[in-house]
>>> print(open('model.txt').read())   # compact mmCIF, C-alpha atoms and all ligand atoms
# COMPACT_ATOMS: atom_id res chain seq x y z
CA MET A 1 11.42 -6.22 -41.78
CA ARG A 2 14.11 -5.68 -39.18
CA LEU A 3 17.18 -3.77 -40.14
CA SER A 4 20.20 -6.00 -40.51
CA ASP A 5 23.35 -5.23 -38.54
CA ARG A 6 25.09 -4.62 -41.86
CA GLN A 7 22.55 -1.97 -42.82
CA ILE A 8 22.81 -0.31 -39.42
CA LYS A 9 26.64 -0.30 -39.46
CA LYS A 10 26.71 1.19 -42.91
CA GLY A 11 24.17 3.81 -41.85
CA GLU A 12 21.91 2.80 -44.70
CA CYS A 13 18.69 3.32 -42.75
CA HIS A 14 17.99 6.58 -41.00
CA MET A 15 14.36 5.87 -40.28
CA VAL A 16 12.33 3.18 -38.55
CA GLN A 17 8.64 2.79 -39.30
CA VAL A 18 6.25 1.90 -36.51
CA ALA A 19 2.58 1.17 -35.89
CA VAL A 20 0.27 1.62 -32.93
CA LEU A 21 -2.50 -0.88 -32.12
CA GLY A 22 -5.29 1.08 -30.40
CA HIS A 23 -6.14 4.76 -30.35
CA GLY A 24 -7.63 5.11 -26.88
CA VAL A 25 -6.24 7.20 -24.06
CA VAL A 26 -2.73 5.68 -24.08
CA GLY A 27 -2.61 5.14 -27.85
CA SER A 28 -3.44 8.75 -28.61
CA GLY A 29 -0.77 9.75 -26.07
CA VAL A 30 1.81 7.63 -27.90
CA VAL A 31 0.95 9.29 -31.20
CA GLU A 32 1.06 12.72 -29.55
CA LEU A 33 4.50 12.11 -28.02
CA LEU A 34 5.98 10.62 -31.19
CA ASN A 35 4.91 13.78 -32.98
CA LYS A 36 5.59 16.41 -30.31
CA ASN A 37 9.05 15.17 -29.28
CA SER A 38 10.07 13.67 -32.61
CA ALA A 39 13.42 15.45 -32.85
CA SER A 40 14.66 14.52 -29.38
CA ILE A 41 13.28 11.00 -29.72
CA ALA A 42 15.15 10.57 -33.02
CA LYS A 43 18.34 11.76 -31.36
CA LYS A 44 17.99 9.21 -28.58
CA ALA A 45 16.98 6.38 -30.93
CA GLY A 46 19.66 7.27 -33.46
CA LYS A 47 16.99 7.24 -36.17
CA GLU A 48 13.79 9.00 -37.03
CA ILE A 49 10.77 7.06 -35.77
CA LYS A 50 8.02 7.40 -38.36
CA LEU A 51 4.46 6.44 -37.48
CA LYS A 52 3.07 4.56 -40.46
CA ARG A 53 -0.16 2.98 -39.24
CA ILE A 54 -2.72 3.15 -36.42
CA LEU A 55 -5.13 0.27 -35.87
CA ASP A 56 -8.56 1.03 -34.43
CA ILE A 57 -12.07 -0.14 -35.25
CA ARG A 58 -13.43 3.38 -34.74
CA GLU A 59 -13.42 6.27 -37.21
CA PHE A 60 -11.26 9.34 -36.57
CA PRO A 61 -12.10 11.57 -39.57
CA ASP A 62 -10.98 14.78 -37.84
CA SER A 63 -7.68 13.45 -36.58
CA PRO A 64 -4.52 14.98 -38.09
CA TYR A 65 -3.47 11.34 -38.52
CA ALA A 66 -6.69 10.32 -40.30
CA GLY A 67 -4.73 8.93 -43.26
CA LEU A 68 -2.82 6.50 -41.07
CA PHE A 69 -5.82 4.65 -39.64
CA THR A 70 -6.73 1.13 -40.61
CA LYS A 71 -9.26 -1.35 -39.27
CA GLU A 72 -7.31 -4.28 -40.68
CA PHE A 73 -4.57 -5.78 -38.54
CA ALA A 74 -3.26 -7.48 -41.69
CA ASP A 75 -2.26 -4.04 -43.03
CA ILE A 76 0.26 -3.82 -40.21
CA LEU A 77 1.28 -7.45 -39.92
CA GLY A 78 1.89 -7.72 -43.67
CA ASP A 79 3.81 -4.46 -43.94
CA GLY A 80 7.49 -5.40 -44.04
CA GLU A 81 8.55 -1.80 -43.49
CA ILE A 82 6.97 -1.68 -40.03
CA SER A 83 9.54 -3.06 -37.60
CA VAL A 84 8.18 -1.91 -34.22
CA VAL A 85 4.56 -2.17 -33.03
CA ALA A 86 3.05 -0.61 -29.89
CA GLU A 87 0.07 -2.56 -28.51
CA VAL A 88 -2.09 -0.30 -26.34
CA MET A 89 -5.51 -1.88 -26.84
CA GLY A 90 -5.73 -3.58 -23.43
CA GLY A 91 -7.34 -6.93 -22.59
CA VAL A 92 -5.92 -10.33 -23.45
CA HIS A 93 -7.84 -10.96 -26.68
CA PRO A 94 -7.19 -10.09 -29.44
CA ALA A 95 -4.09 -8.32 -28.10
CA TYR A 96 -2.36 -11.67 -27.49
CA GLU A 97 -3.00 -12.94 -31.01
CA PHE A 98 -1.87 -9.63 -32.55
CA VAL A 99 1.28 -9.36 -30.43
CA LYS A 100 2.28 -12.98 -31.03
CA ALA A 101 1.76 -12.64 -34.79
CA CYS A 102 3.88 -9.48 -34.89
CA LEU A 103 6.71 -11.13 -32.94
CA GLU A 104 6.56 -14.21 -35.15
CA ALA A 105 6.77 -11.93 -38.18
CA GLY A 106 10.03 -10.50 -36.78
CA LYS A 107 8.63 -7.21 -35.47
CA SER A 108 9.46 -5.96 -31.99
CA VAL A 109 6.43 -5.22 -29.81
CA VAL A 110 6.01 -2.86 -26.86
CA THR A 111 2.91 -2.82 -24.69
CA SER A 112 1.22 -1.14 -21.75
CA ASN A 113 -1.09 -4.13 -21.34
CA LYS A 114 -0.55 -5.57 -17.86
CA GLU A 115 -3.26 -8.17 -18.26
CA LEU A 116 -1.50 -9.53 -21.34
CA VAL A 117 1.95 -9.57 -19.74
CA ALA A 118 0.67 -11.12 -16.49
CA GLN A 119 -1.09 -13.91 -18.43
CA LYS A 120 1.20 -14.47 -21.40
CA GLY A 121 4.52 -12.82 -20.56
CA ALA A 122 6.69 -15.96 -20.44
CA GLU A 123 5.33 -17.24 -23.74
CA LEU A 124 5.67 -13.92 -25.58
CA LEU A 125 9.19 -13.36 -24.24
CA ALA A 126 10.12 -16.81 -25.56
CA VAL A 127 8.72 -16.00 -29.00
CA ALA A 128 10.63 -12.71 -29.05
CA ARG A 129 13.83 -14.51 -28.06
CA GLU A 130 13.34 -17.13 -30.76
CA LYS A 131 12.88 -14.44 -33.39
CA ASP A 132 15.68 -12.26 -31.96
CA VAL A 133 13.36 -9.30 -31.53
CA ASN A 134 12.01 -7.59 -28.40
CA PHE A 135 8.86 -7.71 -26.31
CA LEU A 136 9.04 -4.75 -23.91
CA PHE A 137 6.45 -3.63 -21.35
CA GLU A 138 7.78 -0.82 -19.18
CA ALA A 139 4.33 0.83 -19.24
CA SER A 140 2.57 -2.23 -17.83
CA VAL A 141 3.60 -1.45 -14.24
CA GLY A 142 3.69 1.99 -12.66
CA GLY A 143 2.61 3.92 -15.79
CA GLY A 144 5.31 6.54 -16.33
CA ILE A 145 7.54 5.30 -13.50
CA PRO A 146 10.63 3.44 -14.72
CA ILE A 147 10.54 0.11 -12.88
CA ILE A 148 10.92 -2.80 -15.32
CA ARG A 149 14.16 -1.53 -16.87
CA PRO A 150 15.70 -0.58 -13.49
CA ILE A 151 15.04 -4.08 -12.16
CA HIS A 152 16.67 -5.95 -15.03
CA GLN A 153 19.33 -3.44 -16.00
CA CYS A 154 20.31 -0.89 -13.33
CA LEU A 155 19.86 -3.35 -10.45
CA ALA A 156 21.31 -6.29 -12.38
CA ALA A 157 24.13 -6.71 -9.84
CA ASN A 158 21.61 -7.39 -7.07
CA GLU A 159 19.68 -10.38 -5.93
CA ILE A 160 16.23 -8.88 -5.41
CA ASP A 161 15.12 -9.80 -1.89
CA GLU A 162 11.67 -8.26 -1.97
CA ILE A 163 9.33 -5.96 -3.86
CA ALA A 164 6.42 -4.09 -2.32
CA GLY A 165 4.38 -1.40 -3.93
CA ILE A 166 1.35 0.77 -4.17
CA LEU A 167 0.54 -0.34 -7.68
CA ASN A 168 -2.95 0.99 -8.27
CA GLY A 169 -3.69 4.71 -8.46
CA THR A 170 -7.47 4.48 -8.17
CA THR A 171 -7.45 2.60 -4.88
CA ASN A 172 -4.68 4.83 -3.53
CA PHE A 173 -6.85 7.86 -4.30
CA ILE A 174 -9.80 6.28 -2.48
CA LEU A 175 -7.70 5.34 0.55
CA THR A 176 -6.16 8.81 0.70
CA LYS A 177 -9.65 10.34 0.83
CA MET A 178 -10.68 7.88 3.56
CA ILE A 179 -7.54 8.58 5.61
CA LYS A 180 -7.14 12.35 5.15
CA GLU A 181 -10.76 13.44 4.84
CA GLY A 182 -12.56 10.71 6.77
CA MET A 183 -14.64 9.80 3.72
CA ALA A 184 -16.50 6.49 3.54
CA PHE A 185 -15.40 4.03 0.85
CA ASP A 186 -18.51 4.53 -1.33
CA GLU A 187 -18.19 8.31 -1.23
CA ALA A 188 -14.49 8.21 -2.17
CA LEU A 189 -15.15 5.72 -4.97
CA LYS A 190 -17.88 7.98 -6.39
CA MET A 191 -15.45 10.89 -6.36
CA ALA A 192 -12.78 8.78 -8.13
CA GLN A 193 -15.33 7.88 -10.80
CA GLU A 194 -16.40 11.51 -11.22
CA LEU A 195 -12.76 12.53 -11.67
CA GLY A 196 -12.30 9.80 -14.28
CA TYR A 197 -9.77 7.77 -12.25
CA ALA A 198 -11.92 4.71 -11.67
CA GLU A 199 -13.77 2.84 -14.37
CA ALA A 200 -17.59 2.84 -14.33
CA ASN A 201 -17.13 -0.81 -13.32
CA PRO A 202 -14.17 -0.39 -10.98
CA SER A 203 -13.81 -4.03 -9.92
CA ALA A 204 -10.35 -4.49 -11.46
CA ASP A 205 -9.12 -1.62 -9.30
CA VAL A 206 -11.01 -1.97 -6.00
CA ASP A 207 -10.93 -5.78 -5.88
CA GLY A 208 -7.16 -5.76 -6.34
CA HIS A 209 -6.93 -7.53 -9.73
CA ASP A 210 -5.03 -4.70 -11.42
CA ALA A 211 -2.46 -4.59 -8.60
CA CYS A 212 -2.26 -8.39 -8.73
CA ARG A 213 -1.34 -8.36 -12.42
CA LYS A 214 1.37 -5.80 -11.72
CA ILE A 215 2.95 -7.66 -8.80
CA CYS A 216 2.89 -10.82 -10.94
CA ILE A 217 4.91 -9.04 -13.63
CA LEU A 218 7.42 -7.66 -11.11
CA ALA A 219 7.74 -11.00 -9.29
CA SER A 220 8.21 -12.92 -12.55
CA LEU A 221 10.97 -10.54 -13.59
CA ALA A 222 12.69 -10.35 -10.21
CA PHE A 223 12.59 -14.07 -9.42
CA GLY A 224 12.81 -15.58 -12.90
CA SER A 225 9.70 -17.76 -13.21
CA HIS A 226 6.23 -16.74 -14.30
CA VAL A 227 3.87 -15.94 -11.44
CA TYR A 228 0.27 -16.35 -12.60
CA PRO A 229 -2.43 -14.05 -11.15
CA GLU A 230 -4.80 -16.91 -10.34
CA ASN A 231 -2.26 -18.29 -7.85
CA VAL A 232 -1.82 -15.03 -5.94
CA PRO A 233 -4.07 -14.39 -2.92
CA THR A 234 -5.74 -11.10 -3.76
CA ARG A 235 -7.95 -8.89 -1.67
CA GLY A 236 -9.13 -5.40 -2.51
CA ILE A 237 -10.28 -2.47 -0.41
CA THR A 238 -14.07 -2.76 -0.60
CA THR A 239 -14.53 -3.94 2.99
CA LEU A 240 -12.34 -1.28 4.64
CA THR A 241 -14.15 1.01 7.06
CA ALA A 242 -13.56 4.42 8.58
CA GLU A 243 -13.10 2.55 11.91
CA ASP A 244 -10.20 0.54 10.41
CA VAL A 245 -8.59 3.81 9.36
CA GLN A 246 -8.99 5.19 12.91
CA TYR A 247 -7.51 2.10 14.56
CA ALA A 248 -4.63 2.13 12.07
CA ASP A 249 -4.00 5.76 12.96
CA ASN A 250 -3.88 4.82 16.64
CA ALA A 251 -1.25 2.21 15.75
CA GLY A 252 0.85 4.91 14.02
CA CYS A 253 -0.05 3.51 10.61
CA VAL A 254 -1.95 4.23 7.42
CA ILE A 255 -3.76 1.64 5.31
CA LYS A 256 -2.48 1.10 1.77
CA LEU A 257 -3.28 -1.51 -0.87
CA ILE A 258 0.05 -3.33 -1.18
CA GLY A 259 1.29 -5.75 -3.80
CA ARG A 260 4.15 -7.70 -2.33
CA ALA A 261 6.52 -10.49 -3.44
CA PHE A 262 9.63 -12.23 -2.17
CA LYS A 263 11.34 -15.56 -2.54
CA THR A 264 10.83 -18.11 0.22
CA GLU A 265 13.52 -20.44 1.54
CA ASP A 266 12.14 -23.39 -0.43
CA GLY A 267 12.57 -21.45 -3.69
CA LYS A 268 8.92 -20.53 -4.15
CA VAL A 269 7.59 -17.01 -4.54
CA TYR A 270 5.43 -15.45 -1.87
CA ALA A 271 3.12 -13.02 -3.62
CA MET A 272 -0.02 -11.30 -2.46
CA VAL A 273 -2.20 -8.25 -2.84
CA SER A 274 -4.05 -6.93 0.17
CA PRO A 275 -4.67 -3.86 2.23
CA ALA A 276 -1.98 -3.45 4.88
CA LEU A 277 -1.20 -1.24 7.82
CA ILE A 278 2.04 0.58 7.03
CA PRO A 279 3.93 2.66 9.61
CA LYS A 280 3.59 6.38 8.95
CA SER A 281 7.40 6.60 8.88
CA SER A 282 7.56 4.25 5.86
CA GLN A 283 8.44 5.68 2.47
CA LEU A 284 5.31 4.01 1.12
CA ALA A 285 3.06 5.72 3.68
CA GLY A 286 3.51 9.18 2.14
CA ILE A 287 2.49 8.08 -1.36
CA ASP A 288 -0.94 9.58 -1.76
CA ASP A 289 -3.69 10.29 -4.27
CA VAL A 290 -3.33 8.60 -7.66
CA PHE A 291 0.43 8.23 -7.33
CA ASN A 292 2.18 4.86 -7.26
CA GLY A 293 5.28 3.92 -5.28
CA ILE A 294 7.34 0.76 -5.58
CA LEU A 295 10.00 -0.36 -3.14
CA VAL A 296 12.64 -2.74 -4.44
CA ARG A 297 14.94 -4.31 -1.86
CA GLY A 298 18.24 -5.34 -3.45
CA ASP A 299 20.92 -7.24 -1.54
CA ALA A 300 23.49 -4.64 -2.56
CA THR A 301 21.43 -1.46 -2.74
CA GLY A 302 19.06 -1.94 0.18
CA ASP A 303 15.73 -0.26 -0.41
CA VAL A 304 15.23 1.71 -3.62
CA VAL A 305 11.88 3.47 -4.03
CA PHE A 306 10.34 4.48 -7.33
CA TYR A 307 7.59 7.11 -7.22
CA GLY A 308 5.43 8.89 -9.75
CA LYS A 309 2.30 8.85 -11.86
CA GLY A 310 1.17 5.27 -12.23
CA ALA A 311 -1.50 5.97 -14.82
CA GLY A 312 -2.71 8.56 -17.31
CA LYS A 313 -2.31 9.32 -20.97
CA LEU A 314 1.12 10.93 -21.26
CA PRO A 315 2.89 9.26 -18.30
CA THR A 316 1.96 5.83 -19.71
CA ALA A 317 2.72 6.90 -23.28
CA SER A 318 6.14 8.06 -22.08
CA ALA A 319 6.98 4.50 -21.02
CA VAL A 320 5.59 3.05 -24.27
CA VAL A 321 7.63 5.40 -26.45
CA GLY A 322 10.73 4.83 -24.29
CA ASP A 323 10.39 1.13 -25.09
CA MET A 324 10.00 1.91 -28.80
CA VAL A 325 13.28 3.80 -28.65
CA ASP A 326 14.93 0.79 -26.97
CA CYS A 327 13.60 -1.50 -29.71
CA VAL A 328 15.11 0.75 -32.34
CA LYS A 329 18.48 0.81 -30.56
CA ALA A 330 18.58 -2.90 -29.69
CA ARG A 331 20.72 -5.36 -31.60
CA GLY A 332 18.51 -8.40 -31.15
CA THR A 333 16.74 -9.54 -28.00
CA ILE A 334 17.62 -7.76 -24.77
CA ARG A 335 18.69 -10.83 -22.78
CA SER A 336 18.21 -9.40 -19.28
CA LEU A 337 14.44 -9.04 -19.78
CA GLN A 338 13.53 -12.72 -19.58
CA TRP A 339 11.85 -15.22 -17.34
CA GLU A 340 10.85 -18.83 -17.70
CA ASP A 341 7.38 -20.27 -17.68
CA SER A 342 6.34 -22.13 -14.53
CA ALA A 343 4.83 -25.56 -15.16
CA GLU A 344 3.66 -25.92 -11.56
CA ASN A 345 2.25 -23.39 -9.14
CA ASN A 346 5.38 -21.59 -7.94
CA VAL A 347 3.55 -19.43 -5.38
CA ALA A 348 4.20 -20.24 -1.72
CA ASP A 349 1.33 -21.09 0.62
CA TYR A 350 0.71 -17.81 2.46
CA LYS A 351 -0.29 -19.72 5.59
CA THR A 352 3.29 -20.80 6.21
CA VAL A 353 4.63 -17.24 6.14
CA SER A 354 4.88 -15.23 9.37
CA THR A 355 2.86 -12.08 9.71
CA THR A 356 1.29 -9.73 12.21
CA GLN A 357 -2.27 -8.57 11.80
CA TYR A 358 -4.59 -5.89 12.98
CA LEU A 359 -7.76 -7.65 14.13
CA CYS A 360 -11.05 -6.19 15.28
CA PHE A 361 -13.66 -8.36 17.01
CA GLN A 362 -17.08 -7.70 18.47
CA GLY A 363 -19.06 -9.69 21.03
CA GLU A 364 -19.65 -10.46 24.65
CA ASN A 365 -16.49 -10.61 26.76
CA CYS A 366 -14.57 -9.64 23.61
CA GLU A 367 -11.37 -8.19 25.07
CA ALA A 368 -10.80 -10.97 27.61
CA LEU A 369 -11.36 -13.71 25.02
CA CYS A 370 -8.97 -12.05 22.54
CA ARG A 371 -6.26 -11.51 25.13
CA ASP A 372 -6.58 -15.08 26.30
CA ALA A 373 -6.36 -16.47 22.76
CA PHE A 374 -3.54 -14.31 21.42
CA GLY A 375 -1.36 -13.64 24.47
CA THR A 376 0.89 -10.65 23.83
CA ILE A 377 -0.96 -8.04 21.80
CA GLN A 378 -0.97 -4.27 21.24
CA SER A 379 -4.48 -3.00 21.98
CA LEU A 380 -5.85 -0.13 19.92
CA ALA A 381 -8.24 2.71 20.65
CA ARG A 382 -10.65 4.87 18.68
CA LYS A 383 -13.22 7.49 19.57
CA ARG A 384 -16.68 6.17 20.46
CA ARG A 385 -15.50 2.54 20.55
CA PRO A 386 -18.44 0.37 21.67
CA ALA A 387 -17.76 -1.58 24.86
CA ASP A 388 -18.17 -4.91 23.06
CA GLU A 389 -15.58 -4.11 20.35
CA PHE A 390 -11.88 -4.83 20.71
CA ALA A 391 -9.10 -4.09 18.21
CA PHE A 392 -5.45 -5.02 18.52
CA ILE A 393 -2.26 -5.98 16.70
CA THR A 394 -1.06 -9.54 17.12
CA SER A 395 2.48 -10.71 17.67
CA GLU A 396 4.19 -12.32 14.69
CA MET A 397 3.15 -15.87 13.81
CA PRO A 398 2.49 -18.01 10.71
CA GLU A 399 -0.64 -16.76 9.02
CA GLY A 400 -2.21 -20.24 9.20
CA LYS A 401 -1.87 -20.20 12.99
CA LEU A 402 -3.39 -16.74 13.09
CA GLU A 403 -6.37 -17.90 11.08
CA GLU A 404 -6.77 -20.91 13.36
CA ILE A 405 -6.96 -18.77 16.51
CA THR A 406 -9.30 -16.30 14.79
CA GLY A 407 -11.58 -19.20 13.79
CA LYS A 408 -11.71 -20.46 17.38
CA LEU A 409 -12.73 -17.01 18.62
CA GLN A 410 -15.50 -16.90 16.03
CA ALA A 411 -16.63 -20.35 17.19
CA LYS A 412 -16.90 -18.87 20.70
CA GLY A 413 -19.40 -16.34 19.38
CA LEU A 414 -17.21 -13.33 18.50
CA THR A 415 -17.76 -11.54 15.22
CA LEU A 416 -14.62 -10.75 13.21
CA LEU A 417 -15.06 -7.17 11.97
CA SER A 418 -11.63 -6.75 10.37
CA ALA A 419 -8.40 -8.60 9.71
CA ILE A 420 -5.64 -6.67 7.94
CA ARG A 421 -1.94 -7.50 7.72
CA LYS A 422 0.59 -5.11 9.25
CA LEU A 423 3.79 -4.72 7.26
CA ASP A 424 7.02 -2.97 8.17
CA TYR A 425 8.54 -1.21 5.20
N1 LIG A 501 -6.63 1.52 -13.20
C1 LIG A 501 -5.21 1.62 -13.07
C2 LIG A 501 -4.89 2.43 -11.80
C3 LIG A 501 -4.66 2.28 -14.30
O1 LIG A 501 -5.80 3.04 -11.22
O2 LIG A 501 -3.75 2.43 -11.37
C4 LIG A 501 -3.18 2.14 -14.48
O3 LIG A 501 -2.76 0.84 -14.59
>>> encode(input="model.txt", output="structure tokens")
Amino acid sequence: MRLSDRQIKKGECHMVQVAVLGHGVVGSGVVELLNKNSASIAKKAGKEIKLKRILDIREFPDSPYAGLFTKEFADILGDGEISVVAEVMGGVHPAYEFVKACLEAGKSVVTSNKELVAQKGAELLAVAREKDVNFLFEASVGGGIPIIRPIHQCLAANEIDEIAGILNGTTNFILTKMIKEGMAFDEALKMAQELGYAEANPSADVDGHDACRKICILASLAFGSHVYPENVPTRGITTLTAEDVQYADNAGCVIKLIGRAFKTEDGKVYAMVSPALIPKSSQLAGIDDVFNGILVRGDATGDVVFYGKGAGKLPTASAVVGDMVDCVKARGTIRSLQWEDSAENNVADYKTVSTTQYLCFQGENCEALCRDAFGTIQSLARKRRPADEFAFITSEMPEGKLEEITGKLQAKGLTLLSAIRKLDY
């Protein structure tokens, strides 16, 4: 049961009871922070936050919180004293059903679940609004980095022109190893797995899906209509080679996996995830290892860059608990954290948007054919370049045109070894 304004004004309630759905890495971090920093958290929330229940299907007999565990979601949903729920289970199902039921029951929900927000954000925000409670998800993008709240609160005076970010720590670790230590992709991935950064099945990271979910959330928030992951062209880092890294270096760039979004002139949203050559002078170029960095371009502020730990137990738990505090403080739905659902595909056709690319071809008469087809180019060098290989950066043109020319060169017998966008941030 939510506290009424009358109760709050009269100071009748000095405590809010909360529950956590999931006791994995992030969930245990949430419990740890609520306990460790309880006094300062209470001060900021204006009330003591008391953990009443933890949902998990596993047994935790040795946990100091053993008495709080339940395997029955109904124990939390049906408990009128629990007014704020943290969902940190991950995955869309049953997280979606649990979150929706909690909101419908008048409980505020906070989550770190980017898959859930990217798929169901518009719908869950609408349910929260209808029930005058909150659905908050600061932890879903950038782990411990504040990014959701800055966009809809601190930068509220701005029109957001563009967002671009290194949104996945695992791939950034792999790329850093490839760039700084000359490692091959497979070797760097193995190291990331050994260090516990990448999952045993790392497809969500290395194929770009995790970054895609995050740019969808940021784009939906910044531009006001839900951007669905299935509409966003997404490419990961699995095909990058040490040779690409060397050519990028020759161009004064590093390769980063970038999630990017901006509004096009016809009111659609351009959104994509792909590796990109970034000038070494860019603020994004120096973001290495498992760190994330997100650049937000406001029409009043210019570029603002957010940097920090994009994953991990306590950084992510920090964002989850911060949202719990906001739920406790809020008087009804926070109106600035809203976007509408999009009935039609609101994502612009990437082929109409201008870009430059780094291209690498191989074949007989390679350089002459490429120069003839592309006109003005910046040729690139690397050590031990075979005579039949030619790499260069194109001039700017619509991506569809670029693909057309590339296709014609392939039809003439050249092999396309690499095609990676070059971005100037
Ligand atoms: N797998 C994600 C990453 C975890 O590597 O960034 C945080 O979302």
>>> residues_near_ligand(input="model.txt", ligand="ligand LIG 501 (chain A)", cutoff="8 Å", atoms="all atoms listed in the file", output="list in words")
Lys114, Ser140, Val141, Gly142, Gly143, Leu167, Asn168, Gly169, Thr170, Thr171, Asn172, Tyr197, Ala198, Glu199, Ala204, Asp205, Asp210, Ala211, Val290, Asn292, Gly310, Ala311 and Gly312 of chain A
>>> residues_around(input="model.txt", residues="A:Val31", least_positions_apart="5", cutoff="9 Å", atoms="all atoms listed in the file", output="JSON, numbers by chain")
{"A": [20, 23, 26, 36, 51, 54, 65, 317]}
>>> closest_residue(input="model.txt", among="A:Cys360, A:Val254, A:Val227, A:Ala118", to="A:Val92", atoms="all atoms listed in the file")
A:Ala118
>>> closest_residue(input="model.txt", among="A:Glu243, A:Glu265, A:Glu59, A:Glu115", to="A:Cys216", atoms="only C-alpha atoms")
A:Glu115
>>> atom_distance(input="model.txt", atom1="atom CA of A:Pro398", atom2="atom CA of A:Lys351")
6.1 Å
>>> residues_around(input="model.txt", residues="A:Gly27", least_positions_apart="3", cutoff="10 Å", atoms="only C-alpha atoms", output="list in words")
Val20, Leu21, Gly22, His23, Gly24, Val30, Val31, Glu32, Leu33, Ile54, Leu55, Asp56, Ala86, Glu87, Val88, Met89, Ser112, Lys313, Leu314, Thr316, Ala317 and Val320 of chain A
>>> atom_distance(input="model.txt", atom1="atom CA of A:Arg53", atom2="atom CA of A:Ala74")
11.2 Å
>>> closest_residue(input="model.txt", among="A:Thr406, A:Phe135, A:Ala373, A:Asn231", to="A:Ala122", atoms="all atoms listed in the file")
A:Phe135
>>> residues_around(input="model.txt", residues="stretch 279-281 of chain A", least_positions_apart="3", cutoff="10 Å", atoms="only C-alpha atoms", output="PDB file with C-alpha atoms, keeping the file's coordinate frame")
ATOM      1  CA  ALA A 248      -4.630   2.130  12.070  1.00  0.00           C
ATOM      2  CA  ASP A 249      -4.000   5.760  12.960  1.00  0.00           C
ATOM      3  CA  ALA A 251      -1.250   2.210  15.750  1.00  0.00           C
ATOM      4  CA  GLY A 252       0.850   4.910  14.020  1.00  0.00           C
ATOM      5  CA  CYS A 253      -0.050   3.510  10.610  1.00  0.00           C
ATOM      6  CA  VAL A 254      -1.950   4.230   7.420  1.00  0.00           C
ATOM      7  CA  ILE A 255      -3.760   1.640   5.310  1.00  0.00           C
ATOM      8  CA  ALA A 276      -1.980  -3.450   4.880  1.00  0.00           C
ATOM      9  CA  LEU A 284       5.310   4.010   1.120  1.00  0.00           C
ATOM     10  CA  ALA A 285       3.060   5.720   3.680  1.00  0.00           C
ATOM     11  CA  GLY A 286       3.510   9.180   2.140  1.00  0.00           C
ATOM     12  CA  LYS A 422       0.590  -5.110   9.250  1.00  0.00           C
ATOM     13  CA  LEU A 423       3.790  -4.720   7.260  1.00  0.00           C
ATOM     14  CA  ASP A 424       7.020  -2.970   8.170  1.00  0.00           C
ATOM     15  CA  TYR A 425       8.540  -1.210   5.200  1.00  0.00           C
TER      16      TYR A 425
END
>>> closest_residue(input="model.txt", among="A:Lys268, A:Lys329, A:Lys214, A:Lys43", to="A:Ile294", atoms="only C-alpha atoms")
A:Lys214
